[in-house]
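Source file data.cif; content: mmCIF, C-alpha atoms and all ligand atoms.
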data_my_file
#
loop_
_atom_site.label_atom_id
_atom_site.label_comp_id
_atom_site.auth_asym_id
_atom_site.auth_seq_id
_atom_site.Cartn_x
_atom_site.Cartn_y
_atom_site.Cartn_z
CA MET A 1 70.07 -57.40 -5.75
CA GLU A 2 71.63 -60.66 -6.74
CA VAL A 3 74.56 -62.01 -4.83
CA ALA A 4 76.68 -62.44 -7.96
CA GLN A 5 76.30 -58.79 -8.81
CA TYR A 6 77.25 -57.79 -5.32
CA GLU A 7 80.37 -59.96 -5.40
CA SER A 8 81.53 -58.59 -8.70
CA TYR A 9 81.98 -55.26 -6.97
CA ALA A 10 83.87 -56.79 -4.10
CA SER A 11 87.17 -55.30 -5.23
CA ASP A 12 85.83 -51.81 -4.97
CA GLY A 13 84.78 -50.80 -1.47
CA GLU A 14 83.30 -47.55 -2.61
CA ILE A 15 80.90 -49.10 -5.06
CA ILE A 16 79.75 -51.56 -2.43
CA GLN A 17 79.02 -48.70 -0.11
CA GLU A 18 77.02 -46.96 -2.79
CA GLN A 19 75.09 -50.14 -3.48
CA ARG A 20 74.52 -50.57 0.21
CA ALA A 21 73.32 -47.01 0.51
CA SER A 22 70.92 -47.40 -2.38
CA ILE A 23 69.41 -50.43 -0.65
CA ASP A 24 69.02 -48.45 2.54
CA ARG A 25 67.46 -45.55 0.70
CA ASP A 26 64.97 -47.73 -1.14
CA SER A 27 61.86 -46.58 0.65
CA SER A 28 59.98 -49.78 -0.24
CA SER A 29 62.45 -51.70 1.90
CA VAL A 30 61.42 -52.25 5.50
CA ASN A 31 64.90 -51.33 6.69
CA SER A 32 65.17 -48.11 4.73
CA LYS A 33 67.00 -45.27 6.45
CA GLN A 34 66.71 -41.57 6.01
CA PHE A 35 70.05 -40.44 4.60
CA ALA A 36 71.37 -36.97 5.09
CA THR A 37 73.49 -36.40 2.02
CA GLU A 38 74.23 -32.80 2.93
CA PRO A 39 74.58 -31.05 6.24
CA THR A 40 71.41 -29.23 7.23
CA ILE A 41 71.70 -25.56 7.99
CA THR A 42 69.57 -24.31 10.83
CA LEU A 43 68.08 -20.83 10.89
CA GLN A 44 70.49 -20.09 13.72
CA LEU A 45 73.44 -21.00 11.51
CA TRP A 46 72.02 -19.06 8.54
CA THR A 47 71.77 -16.05 10.82
CA SER A 48 75.35 -16.24 12.08
CA SER A 49 76.59 -17.01 8.56
CA TYR A 50 74.80 -13.99 7.15
CA GLN A 51 76.23 -11.80 9.87
CA TRP A 52 79.67 -13.26 9.28
CA ALA A 53 79.33 -12.59 5.54
CA LYS A 54 78.45 -8.98 6.29
CA SER A 55 81.48 -8.49 8.56
CA ASN A 56 84.48 -6.77 7.05
CA LYS A 57 87.01 -9.55 7.38
CA ASN A 58 89.89 -9.61 4.93
CA ILE A 59 90.12 -13.10 3.57
CA ILE A 60 93.11 -14.36 1.65
CA CYS A 61 92.31 -16.68 -1.22
CA ILE A 62 94.86 -19.01 -2.71
CA SER A 63 93.51 -20.75 -5.74
CA SER A 64 94.77 -23.72 -7.68
CA ASP A 65 93.30 -25.69 -10.58
CA SER A 66 91.05 -27.78 -8.42
CA THR A 67 90.52 -25.89 -5.17
CA LYS A 68 90.36 -22.51 -3.57
CA ILE A 69 91.77 -22.17 -0.10
CA TYR A 70 90.54 -19.29 2.00
CA TYR A 71 92.50 -18.13 5.01
CA ILE A 72 90.08 -16.50 7.39
CA PRO A 73 90.94 -14.29 10.36
CA ALA A 74 89.30 -15.99 13.36
CA HIS A 75 87.42 -14.55 16.33
CA HIS A 76 87.17 -10.78 16.12
CA LEU A 77 90.28 -10.30 14.02
CA GLN A 78 89.92 -8.50 10.72
CA SER A 79 92.96 -9.59 8.81
CA VAL A 80 95.78 -12.10 8.63
CA SER A 81 99.31 -10.78 8.26
CA GLN A 82 101.57 -12.26 5.61
CA ALA A 83 104.08 -13.34 8.29
CA ASP A 84 101.37 -15.16 10.26
CA LEU A 85 100.07 -16.80 7.11
CA ASN A 86 103.52 -18.05 6.11
CA ARG A 87 104.07 -19.50 9.57
CA TYR A 88 100.62 -21.05 9.46
CA LYS A 89 101.24 -22.73 6.12
CA LYS A 90 104.55 -24.18 7.29
CA GLN A 91 103.05 -25.09 10.68
CA LYS A 92 106.41 -24.26 12.26
CA PHE A 93 106.27 -22.21 15.41
CA THR A 94 109.30 -21.20 17.38
CA THR A 95 107.47 -20.09 20.50
CA PHE A 96 104.31 -21.14 22.26
CA ASN A 97 102.81 -17.72 21.61
CA LEU A 98 103.31 -18.11 17.88
CA PHE A 99 101.72 -21.55 18.10
CA LYS A 100 98.73 -20.07 19.92
CA LYS A 101 98.46 -17.46 17.19
CA SER A 102 97.95 -20.21 14.63
CA PHE A 103 94.44 -20.59 16.04
CA ASP A 104 93.71 -17.06 14.87
CA ILE A 105 93.40 -18.37 11.33
CA TRP A 106 90.81 -20.75 9.95
CA CYS A 107 91.43 -22.51 6.71
CA LEU A 108 88.49 -23.17 4.40
CA GLU A 109 88.85 -25.34 1.34
CA MET A 110 86.39 -25.28 -1.54
CA GLU A 111 86.68 -27.60 -4.47
CA ASN A 112 86.03 -25.86 -7.75
CA ASP A 113 83.68 -28.42 -9.21
CA SER A 114 81.94 -29.44 -6.01
CA HIS A 115 78.87 -28.12 -4.24
CA TRP A 116 79.62 -25.43 -1.67
CA LYS A 117 78.12 -27.54 1.10
CA ARG A 118 80.97 -30.01 0.62
CA SER A 119 83.59 -27.44 1.55
CA LYS A 120 85.83 -28.13 4.50
CA CYS A 121 86.87 -25.81 7.30
CA ASN A 122 89.22 -26.50 10.19
CA CYS A 123 87.32 -24.61 12.87
CA PRO A 124 85.90 -26.49 15.90
CA ALA A 125 82.28 -25.99 14.78
CA PHE A 126 83.00 -27.67 11.48
CA MET A 127 84.80 -30.58 13.17
CA LYS A 128 81.61 -31.19 15.12
CA ASN A 129 78.86 -30.53 12.55
CA PHE A 130 80.55 -30.73 9.12
CA ILE A 131 79.18 -27.27 8.47
CA CYS A 132 80.01 -23.89 9.95
CA LYS A 133 79.36 -20.19 9.46
CA HIS A 134 82.58 -19.92 7.44
CA VAL A 135 81.38 -22.39 4.82
CA ALA A 136 77.89 -20.88 4.63
CA GLY A 137 79.09 -17.29 5.11
CA MET A 138 81.76 -17.54 2.43
CA SER A 139 79.20 -19.06 0.09
CA ILE A 140 76.86 -16.16 0.78
CA ARG A 141 79.71 -13.76 -0.03
CA LEU A 142 80.48 -15.63 -3.23
CA LYS A 143 76.76 -15.75 -4.06
CA TYR A 144 76.70 -19.54 -4.18
CA CYS A 145 73.68 -19.43 -1.91
CA LYS A 146 71.26 -17.02 -0.34
CA PRO A 147 70.16 -16.96 3.27
CA SER A 148 66.44 -16.92 3.87
CA ALA A 149 64.81 -13.60 4.67
CA ALA A 150 64.33 -14.78 8.26
CA ALA A 151 68.11 -15.00 8.70
CA LYS A 152 68.37 -11.27 8.11
CA THR A 153 65.89 -10.20 10.76
CA ILE A 154 68.36 -10.17 13.66
CA PRO A 155 70.37 -6.95 13.97
CA ILE A 156 74.04 -7.38 13.05
CA GLY A 157 76.05 -8.31 16.12
CA GLU A 158 73.16 -9.99 17.93
CA LYS A 159 72.77 -13.72 18.17
CA ARG A 160 69.61 -15.59 17.40
CA LYS A 161 68.25 -17.50 20.35
CA ARG A 162 67.71 -21.20 20.00
CA GLY A 163 64.31 -22.53 19.01
CA ARG A 164 61.46 -21.36 16.89
CA PRO A 165 61.59 -17.68 15.95
CA SER A 166 58.84 -15.69 17.65
CA LYS A 167 55.90 -14.82 15.44
CA ALA A 168 55.04 -11.23 14.78
CA ARG A 169 52.45 -10.18 17.33
CA PRO A 170 49.02 -9.63 15.82
CA ALA A 171 47.81 -6.07 15.79
CA LEU A 172 44.88 -5.19 18.02
CA LEU A 173 41.81 -6.61 16.40
CA VAL A 174 39.01 -5.01 18.41
CA GLN A 175 39.07 -1.72 20.17
ZN ZN B 201 84.59 -22.88 10.00
#
Kindly transcribe the structure held in the file into structure tokens.
Ligand SMILES: [Zn+2]
Amino acid sequence: MEVAQYESYASDGEIIQEQRASIDRDSSSVNSKQFATEPTITLQLWTSSYQWAKSNKNIICISSDSTKIYYIPAHHLQSVSQADLNRYKKQKFTTFNLFKKSFDIWCLEMENDSHWKRSKCNCPAFMKNFICKHVAGMSIRLKYCKPSAAAKTIPIGEKRKRGRPSKARPALLVQ
């Protein structure tokens, strides 16, 4: 890229970043980097997302022109009461107990014209990995995506262990 071209974008930080990224992604360049443009979903996460999608949680959806906000009962809770939701939205808690209760609700935001993987959740897993079972699970429920068949092989309620899934044992070959 020529310097002059680069400078002409100097007023717009975003465009520079894009240009920069396209240089990094150019595989012919010695310094090319592998870019993850979307969070990767492990089989473990697909499994917990599928199980989450199958759970009977009552989710409240508040939709606007550009986004849908889903209020999700956290942990083992099945529903969010209207009173708790109102308090949550105002983020005003009169007692410590009510404040603690605000962590019983996760808030998931999906933009209408954006890919489901770009949704945002406020649960701790999402803060760490930029993806969580709420994003993937909600997308399974909404049929934006499908979990692989392998994700469905663990009985509901059981967790998949880390690592490679065990292969089916071969049947006896010789008697
Ligand atoms: Zn989440």
Please identify all polymer residues within 12 Å of Leu98 (chain A), counting all atoms listed in the file, omitting same-chain residues fewer than 3 positions from it, and present them as a PyMOL selection string. chain A and resi 83-88+91-95+101-105
Find the residues of chain A that sit at most 7 Å from ligand ZN 201 (chain B); for each, write down the nearest two atoms and how far apart they are in Å, to one decimal. Count only C-alpha atoms and all ligand atoms. Sort by chain, then by number going up, and give it as JSON lines.
{"residue": "A:Trp106", "atom": "CA", "partner": "B:ZN201", "partner_atom": "ZN", "distance": 6.6}
{"residue": "A:Leu108", "atom": "CA", "partner": "B:ZN201", "partner_atom": "ZN", "distance": 6.8}
{"residue": "A:Cys121", "atom": "CA", "partner": "B:ZN201", "partner_atom": "ZN", "distance": 4.6}
{"residue": "A:Asn122", "atom": "CA", "partner": "B:ZN201", "partner_atom": "ZN", "distance": 5.9}
{"residue": "A:Cys123", "atom": "CA", "partner": "B:ZN201", "partner_atom": "ZN", "distance": 4.3}
{"residue": "A:Ala125", "atom": "CA", "partner": "B:ZN201", "partner_atom": "ZN", "distance": 6.2}
{"residue": "A:Phe126", "atom": "CA", "partner": "B:ZN201", "partner_atom": "ZN", "distance": 5.3}
{"residue": "A:Cys132", "atom": "CA", "partner": "B:ZN201", "partner_atom": "ZN", "distance": 4.7}
{"residue": "A:Lys133", "atom": "CA", "partner": "B:ZN201", "partner_atom": "ZN", "distance": 5.9}
{"residue": "A:His134", "atom": "CA", "partner": "B:ZN201", "partner_atom": "ZN", "distance": 4.4}
{"residue": "A:Val135", "atom": "CA", "partner": "B:ZN201", "partner_atom": "ZN", "distance": 6.1}
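Across the model, the gap from CA of Asn112 (chain A) to CA of Lys68 (chain A) is 6.9 Å.
Our summary of the geometry notes that CA of Arg141 (chain A) is positioned 14.4 Å from CA of Tyr71 (chain A).
Nearest residue to Cys61 (chain A), choosing from A:Met138, A:Ala74, A:Leu43, A:Met127 and counting all atoms listed in the file: A:Met138.
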Find the residues near Tyr144 (chain A): any atom within 10 Å, counting all atoms listed in the file, skip ones fewer than 3 places away on the same chain, and give them as a ChimeraX atom specification. /A:115-117,136-141
With a distance cut-off of 7 Å and all atoms listed in the file, select the neighbouring residues of Tyr50 (chain A), excluding the residue or stretch itself and same-chain residues fewer than 3 positions from it, and output the selection as a VMD selection string. chain A and resid 46 to 47 53 to 54 137 147 151
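Note that the spacing between CA of Cys145 (chain A) and CA of Gln44 (chain A) amounts to 16.0 Å.
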Could you pull out every residue with an atom within 9 Å of (88.3, -29.8, 3.8), file coordinates, counting only C-alpha atoms, and send them as a JSON list (two decimals) with C-alpha atoms, in the frame of the given file?
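Contents of point38.json, as written:
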[["chain", "number", "residue", "atom", "x", "y", "z"],
["A", 107, "CYS", "CA", 91.43, -22.51, 6.71],
["A", 108, "LEU", "CA", 88.49, -23.17, 4.40],
["A", 109, "GLU", "CA", 88.85, -25.34, 1.34],
["A", 110, "MET", "CA", 86.39, -25.28, -1.54],
["A", 111, "GLU", "CA", 86.68, -27.60, -4.47],
["A", 118, "ARG", "CA", 80.97, -30.01, 0.62],
["A", 119, "SER", "CA", 83.59, -27.44, 1.55],
["A", 120, "LYS", "CA", 85.83, -28.13, 4.50],
["A", 121, "CYS", "CA", 86.87, -25.81, 7.30],
["A", 122, "ASN", "CA", 89.22, -26.50, 10.19]]
Find the residues near Thr40 (chain A): any atom within 10 Å, counting all atoms listed in the file, skip ones fewer than 3 places away on the same chain, and give them as a list in words. Ala36, Thr37, Leu43, Leu45, Lys117, Asn129, Phe130 and Ile131 of chain A
Do a neighbour search on Ile154 (chain A) at 10 Å with all atoms listed in the file, toss out local chain neighbours closer than 3 positions, and write the hits as a tab-separated table (two decimals) with C-alpha atoms, keeping the file's coordinate frame.
chain	number	residue	atom	x	y	z
A	47	THR	CA	71.77	-16.05	10.82
A	48	SER	CA	75.35	-16.24	12.08
A	50	TYR	CA	74.80	-13.99	7.15
A	51	GLN	CA	76.23	-11.80	9.87
A	150	ALA	CA	64.33	-14.78	8.26
A	151	ALA	CA	68.11	-15.00	8.70
A	157	GLY	CA	76.05	-8.31	16.12
A	158	GLU	CA	73.16	-9.99	17.93
A	159	LYS	CA	72.77	-13.72	18.17
A	160	ARG	CA	69.61	-15.59	17.40
A	161	LYS	CA	68.25	-17.50	20.35
Assuming 4 Å of padding per side, give the centre and edge lengths of the axis-aligned box around every listed atom of region 71-85 of chain A, in Å to one decimal and as lines of an AutoDock Vina configuration file.
center_x = 95.6
center_y = -13.3
center_z = 10.7
size_x = 24.9
size_y = 17.6
size_z = 19.3
